[in-house]
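Source file: target32.txt; contents: compact mmCIF, C-alpha atoms and all ligand atoms.
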```txt
# COMPACT_ATOMS: atom_id res chain seq x y z
CA MET A 155 17.63 -11.59 -18.33
CA ASP A 156 15.49 -9.78 -20.96
CA ALA A 157 13.51 -12.96 -21.63
CA ILE A 158 13.02 -13.55 -17.89
CA LEU A 159 11.82 -9.97 -17.34
CA LYS A 160 9.37 -10.33 -20.22
CA ILE A 161 7.84 -13.47 -18.66
CA GLU A 162 7.86 -11.81 -15.20
CA HIS A 163 5.93 -8.77 -16.53
CA ALA A 164 3.45 -10.88 -18.51
CA SER A 165 2.82 -12.92 -15.35
CA PHE A 166 2.80 -10.40 -12.50
CA ARG A 167 2.23 -6.94 -14.06
CA LYS A 168 2.46 -4.37 -11.23
CA ASP A 169 3.89 -6.93 -8.81
CA ALA A 170 6.73 -7.86 -11.20
CA TYR A 171 10.29 -7.82 -9.86
CA ASP A 172 12.65 -5.48 -11.70
CA ARG A 173 16.07 -6.11 -13.26
CA ASN A 174 17.98 -4.95 -10.17
CA LEU A 175 16.10 -7.26 -7.88
CA PHE A 176 16.71 -10.23 -10.20
CA ALA A 177 20.40 -9.34 -10.41
CA ASP A 178 20.53 -9.20 -6.62
CA PHE A 179 18.81 -12.59 -6.27
CA TYR A 180 21.11 -14.03 -8.93
CA HIS A 181 24.11 -13.12 -6.80
CA LYS A 182 22.55 -14.40 -3.58
CA CYS A 183 20.74 -17.52 -4.85
CA GLY A 184 22.12 -18.12 -8.36
CA ASP A 185 22.64 -21.86 -7.82
CA LEU A 186 18.86 -22.27 -7.45
CA PHE A 187 17.90 -19.89 -10.26
CA LEU A 188 16.65 -22.45 -12.79
CA VAL A 189 15.66 -21.59 -16.33
CA ALA A 190 13.58 -23.82 -18.64
CA GLY A 191 14.26 -23.86 -22.37
CA GLY A 192 17.21 -23.66 -24.72
CA THR A 193 19.58 -20.84 -25.57
CA ARG A 194 17.16 -19.43 -28.16
CA ARG A 195 13.93 -19.53 -26.23
CA ILE A 196 13.26 -19.40 -22.50
CA SER A 197 9.87 -20.69 -21.46
CA GLY A 198 10.01 -20.25 -17.69
CA TYR A 199 12.11 -19.91 -14.59
CA MET A 200 12.09 -20.67 -10.90
CA LEU A 201 14.14 -18.87 -8.29
CA THR A 202 14.58 -20.31 -4.81
CA CYS A 203 16.72 -19.07 -1.92
CA THR A 204 17.93 -21.02 1.10
CA ARG A 205 18.66 -19.85 4.62
CA SER A 206 19.41 -21.44 7.95
CA ARG A 207 16.84 -21.23 10.74
CA GLY A 208 17.80 -22.58 14.15
CA GLY A 209 20.48 -24.69 12.48
CA SER A 210 18.01 -26.23 9.99
CA PRO A 211 18.29 -25.32 6.30
CA MET A 212 15.01 -23.88 4.93
CA ALA A 213 14.14 -22.62 1.45
CA GLN A 214 11.72 -20.15 -0.05
CA VAL A 215 10.41 -19.90 -3.62
CA VAL A 216 11.09 -16.30 -4.59
CA SER A 217 9.56 -16.43 -8.07
CA LEU A 218 8.14 -18.99 -10.49
CA ALA A 219 6.64 -18.11 -13.85
CA VAL A 220 6.04 -19.69 -17.24
CA ALA A 221 5.50 -17.74 -20.46
CA PRO A 222 1.74 -17.50 -21.16
CA GLY A 223 2.07 -19.44 -24.44
CA ALA A 224 3.98 -22.29 -22.78
CA ARG A 225 1.63 -23.03 -19.86
CA ARG A 226 -0.05 -26.36 -19.07
CA ALA A 227 2.75 -28.26 -20.77
CA GLY A 228 4.69 -29.32 -17.66
CA VAL A 229 7.29 -26.52 -17.63
CA ALA A 230 6.63 -25.45 -14.02
CA SER A 231 6.49 -29.12 -12.99
CA ALA A 232 9.95 -29.74 -14.45
CA LEU A 233 11.31 -26.66 -12.66
CA MET A 234 9.70 -27.68 -9.36
CA GLU A 235 10.96 -31.28 -9.57
CA SER A 236 14.49 -30.15 -10.35
CA THR A 237 14.40 -27.67 -7.46
CA LEU A 238 13.07 -30.30 -5.05
CA ARG A 239 15.87 -32.72 -6.04
CA ARG A 240 18.52 -30.04 -5.41
CA LEU A 241 17.00 -29.07 -2.06
CA ARG A 242 16.85 -32.69 -0.88
CA ARG A 243 20.51 -33.17 -1.79
CA ARG A 244 21.25 -30.24 0.51
CA ARG A 245 19.11 -31.74 3.26
CA VAL A 246 16.75 -28.75 3.24
CA LYS A 247 13.83 -29.52 5.55
CA ARG A 248 11.09 -27.18 4.38
CA LEU A 249 10.12 -25.18 1.29
CA SER A 250 7.77 -22.21 1.64
CA LEU A 251 6.26 -19.58 -0.64
CA ALA A 252 3.74 -16.75 -0.76
CA VAL A 253 0.98 -16.80 -3.36
CA LYS A 254 -1.82 -14.30 -3.99
CA VAL A 255 -5.09 -15.68 -2.59
CA THR A 256 -6.79 -15.01 -5.97
CA ASN A 257 -4.15 -16.88 -8.02
CA ARG A 258 -6.12 -20.09 -8.60
CA ALA A 259 -3.73 -21.57 -11.17
CA ALA A 260 -0.69 -21.23 -8.92
CA ILE A 261 -2.55 -22.50 -5.83
CA ALA A 262 -3.74 -25.56 -7.81
CA PHE A 263 -0.17 -26.11 -9.00
CA TYR A 264 1.35 -25.85 -5.50
CA ARG A 265 -1.32 -28.10 -4.00
CA LYS A 266 -0.48 -30.72 -6.62
CA TYR A 267 3.10 -30.54 -5.33
CA GLY A 268 2.02 -31.09 -1.72
CA PHE A 269 2.11 -27.51 -0.43
CA GLN A 270 -0.43 -26.65 2.28
CA PRO A 271 -1.59 -23.17 3.28
CA LEU A 272 -0.11 -22.35 6.70
CA ARG A 273 -1.58 -18.87 7.26
CA SER A 274 -2.61 -15.77 5.36
CA LEU A 275 -0.34 -12.76 4.98
CA PRO A 276 -2.66 -9.73 5.06
CA ARG A 277 -2.10 -7.02 2.41
CA TYR A 278 1.07 -8.70 1.21
CA TYR A 279 0.79 -7.28 -2.32
CA GLU A 280 0.85 -3.68 -3.56
CA ASP A 281 -2.78 -3.85 -4.64
CA GLY A 282 -3.72 -4.67 -1.04
CA LYS A 283 -4.51 -8.35 -1.73
CA ASP A 284 -3.59 -11.02 0.79
CA ALA A 285 -1.22 -13.92 0.22
CA TRP A 286 -1.25 -17.47 1.45
CA LEU A 287 1.94 -18.64 3.06
CA MET A 288 2.19 -22.23 1.77
CA VAL A 289 4.67 -24.82 3.00
CA ARG A 290 5.85 -28.29 2.15
CA ASP A 291 8.05 -30.54 4.27
CA LEU A 292 10.88 -32.18 2.37
CA THR A 293 11.81 -34.81 4.94
C1 LIG B 301 1.33 -21.34 -12.02
C2 LIG B 301 2.23 -21.61 -13.24
C3 LIG B 301 3.69 -21.37 -12.85
C4 LIG B 301 2.04 -23.07 -13.67
O1 LIG B 301 2.95 -23.33 -14.75
P1 LIG B 301 2.68 -24.48 -15.86
O2 LIG B 301 3.95 -24.74 -16.56
O3 LIG B 301 1.50 -24.09 -16.68
O4 LIG B 301 2.30 -25.71 -14.91
P2 LIG B 301 2.32 -27.28 -15.30
O5 LIG B 301 1.97 -27.43 -16.76
O6 LIG B 301 3.58 -27.89 -14.84
O7 LIG B 301 1.07 -27.78 -14.42
C5 LIG B 301 1.16 -28.83 -13.48
C6 LIG B 301 -0.17 -28.96 -12.78
O8 LIG B 301 -0.49 -27.79 -12.03
C7 LIG B 301 -1.92 -27.57 -12.05
N1 LIG B 301 -2.23 -26.36 -12.82
C8 LIG B 301 -1.35 -25.61 -13.56
N2 LIG B 301 -2.01 -24.56 -14.13
C9 LIG B 301 -3.30 -24.66 -13.75
C10 LIG B 301 -4.47 -23.89 -14.02
N3 LIG B 301 -4.42 -22.80 -14.82
N4 LIG B 301 -5.64 -24.26 -13.46
C11 LIG B 301 -5.71 -25.35 -12.67
N5 LIG B 301 -4.63 -26.15 -12.38
C12 LIG B 301 -3.45 -25.80 -12.92
C13 LIG B 301 -2.51 -28.78 -12.79
O9 LIG B 301 -2.74 -29.79 -11.80
C14 LIG B 301 -1.36 -29.17 -13.71
O10 LIG B 301 -1.39 -30.52 -14.12
P3 LIG B 301 -2.23 -30.90 -15.45
O11 LIG B 301 -1.86 -29.93 -16.53
O12 LIG B 301 -1.80 -32.30 -15.72
O13 LIG B 301 -3.68 -30.76 -15.06
C15 LIG B 301 1.82 -20.70 -14.45
O14 LIG B 301 0.40 -20.71 -14.58
C16 LIG B 301 2.27 -19.25 -14.34
O15 LIG B 301 3.38 -18.90 -14.73
N6 LIG B 301 1.40 -18.38 -13.78
C17 LIG B 301 1.73 -16.95 -13.65
C18 LIG B 301 2.83 -16.73 -12.63
C19 LIG B 301 2.45 -17.27 -11.26
O16 LIG B 301 1.31 -17.16 -10.83
N7 LIG B 301 3.45 -17.85 -10.57
C20 LIG B 301 3.31 -18.33 -9.22
C21 LIG B 301 3.38 -17.18 -8.30
S1 LIG B 301 3.46 -17.65 -6.60
```
In structure tokens, write the structure found in this file.
Amino acid sequence: MDAILKIEHASFRKDAYDRNLFADFYHKCGDLFLVAGGTRRISGYMLTCTRSRGGSPMAQVVSLAVAPGARRAGVASALMESTLRRLRRRRVKRLSLAVKVTNRAAIAFYRKYGFQPLRSLPRYYEDGKDAWLMVRDLT
């Protein structure tokens, strides 16, 4: 958890989730809380939660971050591919996420994985910046 919080703070600063929130998500969505790296060094993580909407299982990326020194080496890609495989096995129909409109790296990453912006979420972040709600069908 310490290593995850360090990456979270390095990545999101004031928007970073705290220990309690991670613990809460771990209890609710622990089976889709994926960590990249070995026991000695964690290089990134991806946390996804599922829910049922109108009888159809949907999923949302809650957090994805890679340690600054480990970026552009395919870590997030490995986490995303593993998550997508698990979601398909569960017959999840759609994966969504919110990303800050100024976060070019993440938007480029999500676009590469077939996510499309659906609509903007005004003043979604504490600093007043908007988010894009991005979605990808898994069917
Ligand atoms: C976005 C993030 C998770 C990507 O992680 P990563 O491990 O570096 O990503 P990958 O190496 O798997 O990149 C896969 C592809 O995504 C795209 N991409 C990733 N980072 C990029 C960048 N900085 N600029 C442009 N495209 C980028 C590229 O197409 C890349 O493929 P390539 O390296 O062959 O060109 C990472 O930059 C990060 O942790 N950022 C801070 C936290 C964050 O913004 N999380 C998302 C919040 S919604």
Note to self: Residues near region 222-232 of chain A, anyone? I mean within 12 Å using all atoms listed in the file, not counting same-chain ones fewer than 2 positions away, as an MDAnalysis selection string.
What the structure shows: chainID A and resid 160:166 188:191 195:201 217:220 234:239 259:260 262:267
Output of the above residues as a PDB file, in the coordinates of the input, restricted to C-alpha atoms:
```
ATOM      1  CA  LYS A 160       9.370 -10.330 -20.220  1.00  0.00           C
ATOM      2  CA  ILE A 161       7.840 -13.470 -18.660  1.00  0.00           C
ATOM      3  CA  GLU A 162       7.860 -11.810 -15.200  1.00  0.00           C
ATOM      4  CA  HIS A 163       5.930  -8.770 -16.530  1.00  0.00           C
ATOM      5  CA  ALA A 164       3.450 -10.880 -18.510  1.00  0.00           C
ATOM      6  CA  SER A 165       2.820 -12.920 -15.350  1.00  0.00           C
ATOM      7  CA  PHE A 166       2.800 -10.400 -12.500  1.00  0.00           C
ATOM      8  CA  LEU A 188      16.650 -22.450 -12.790  1.00  0.00           C
ATOM      9  CA  VAL A 189      15.660 -21.590 -16.330  1.00  0.00           C
ATOM     10  CA  ALA A 190      13.580 -23.820 -18.640  1.00  0.00           C
ATOM     11  CA  GLY A 191      14.260 -23.860 -22.370  1.00  0.00           C
ATOM     12  CA  ARG A 195      13.930 -19.530 -26.230  1.00  0.00           C
ATOM     13  CA  ILE A 196      13.260 -19.400 -22.500  1.00  0.00           C
ATOM     14  CA  SER A 197       9.870 -20.690 -21.460  1.00  0.00           C
ATOM     15  CA  GLY A 198      10.010 -20.250 -17.690  1.00  0.00           C
ATOM     16  CA  TYR A 199      12.110 -19.910 -14.590  1.00  0.00           C
ATOM     17  CA  MET A 200      12.090 -20.670 -10.900  1.00  0.00           C
ATOM     18  CA  LEU A 201      14.140 -18.870  -8.290  1.00  0.00           C
ATOM     19  CA  SER A 217       9.560 -16.430  -8.070  1.00  0.00           C
ATOM     20  CA  LEU A 218       8.140 -18.990 -10.490  1.00  0.00           C
ATOM     21  CA  ALA A 219       6.640 -18.110 -13.850  1.00  0.00           C
ATOM     22  CA  VAL A 220       6.040 -19.690 -17.240  1.00  0.00           C
ATOM     23  CA  MET A 234       9.700 -27.680  -9.360  1.00  0.00           C
ATOM     24  CA  GLU A 235      10.960 -31.280  -9.570  1.00  0.00           C
ATOM     25  CA  SER A 236      14.490 -30.150 -10.350  1.00  0.00           C
ATOM     26  CA  THR A 237      14.400 -27.670  -7.460  1.00  0.00           C
ATOM     27  CA  LEU A 238      13.070 -30.300  -5.050  1.00  0.00           C
ATOM     28  CA  ARG A 239      15.870 -32.720  -6.040  1.00  0.00           C
ATOM     29  CA  ALA A 259      -3.730 -21.570 -11.170  1.00  0.00           C
ATOM     30  CA  ALA A 260      -0.690 -21.230  -8.920  1.00  0.00           C
ATOM     31  CA  ALA A 262      -3.740 -25.560  -7.810  1.00  0.00           C
ATOM     32  CA  PHE A 263      -0.170 -26.110  -9.000  1.00  0.00           C
ATOM     33  CA  TYR A 264       1.350 -25.850  -5.500  1.00  0.00           C
ATOM     34  CA  ARG A 265      -1.320 -28.100  -4.000  1.00  0.00           C
ATOM     35  CA  LYS A 266      -0.480 -30.720  -6.620  1.00  0.00           C
ATOM     36  CA  TYR A 267       3.100 -30.540  -5.330  1.00  0.00           C
TER      37      TYR A 267
END
```
Checklist line | Atom pair CA of Arg248 (chain A) / atom O12 of ligand LIG 301 (chain B): separation (Å) | finding: 24.4 Å
Next item on the list: Quote the spacing between CA of Leu241 (chain A) and atom C20 of ligand LIG 301 (chain B) in Å to one decimal place.
Entry: 18.8 Å
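Using only C-alpha atoms and all ligand atoms, the shortest contact distance between ligand LIG 301 (chain B) and any of A:Tyr278, A:Gly208, A:Gln270, A:Leu233 is found at A:Leu233.
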Please give the centre and size of the box around region 191-198 of chain A (axis-aligned, containing every atom listed in the file, 3 Å added per side), with values in Å to one decimal and written as lines of an AutoDock Vina configuration file.
```
center_x = 14.7
center_y = -21.6
center_z = -22.9
size_x = 15.7
size_y = 10.5
size_z = 16.5
```
Checklist line | Neighbour residues at most 7 Å from (-5.0, -16.4, -1.9) (all atoms listed in the file) as a PyMOL selection string | finding: chain A and resi 253-257+284-286
Margin query: Quick one: residues within 7 Å of Pro271 (chain A), all atoms listed in the file, excluding same-chain residues fewer than 6 positions away - as a PyMOL selection string?
Written below: chain A and resi 286-289
Checklist line | Nearest to ligand LIG 301 (chain B) by atom-to-atom distance, counting all atoms listed in the file, from A:Arg258, A:Arg240, A:Arg205, A:Arg273 | finding: A:Arg258
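Going from CA of His181 (chain A) to CA of Ser250 (chain A) covers 20.5 Å.
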Next item on the list: Find the residues around region 174-179 of chain A up to 9 Å (only C-alpha atoms counted), leave out those fewer than 5 positions away in its own chain, and share them as number ranges by chain.
Entry: A: 155, 159, 184, 187, 201-203, 216
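Of the residues under consideration (A:Val246, A:Ile261, A:Ala252, A:Leu272), A:Val246 shows the shortest atom-to-atom contact distance to Leu292 (chain A) when counting all atoms listed in the file.
If you measure from each of A:Arg207, A:Leu186, A:Asp169, A:Asp281 to ligand LIG 301 (chain B) using only C-alpha atoms and all ligand atoms, the closest one turns out to be A:Asp169.
Proximity ranking of A:Ser206, A:Lys283, A:Leu251, A:Arg290 relative to Gly268 (chain A) places A:Arg290 first, based on all atoms listed in the file.
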Next item on the list: Go through A:Ala170, A:Met212, A:Ala221, A:Cys183 one by one, measure the shortest atom-to-atom distance of each to ligand LIG 301 (chain B) using only C-alpha atoms and all ligand atoms, and give the residue with the smallest value.
Entry: A:Ala221
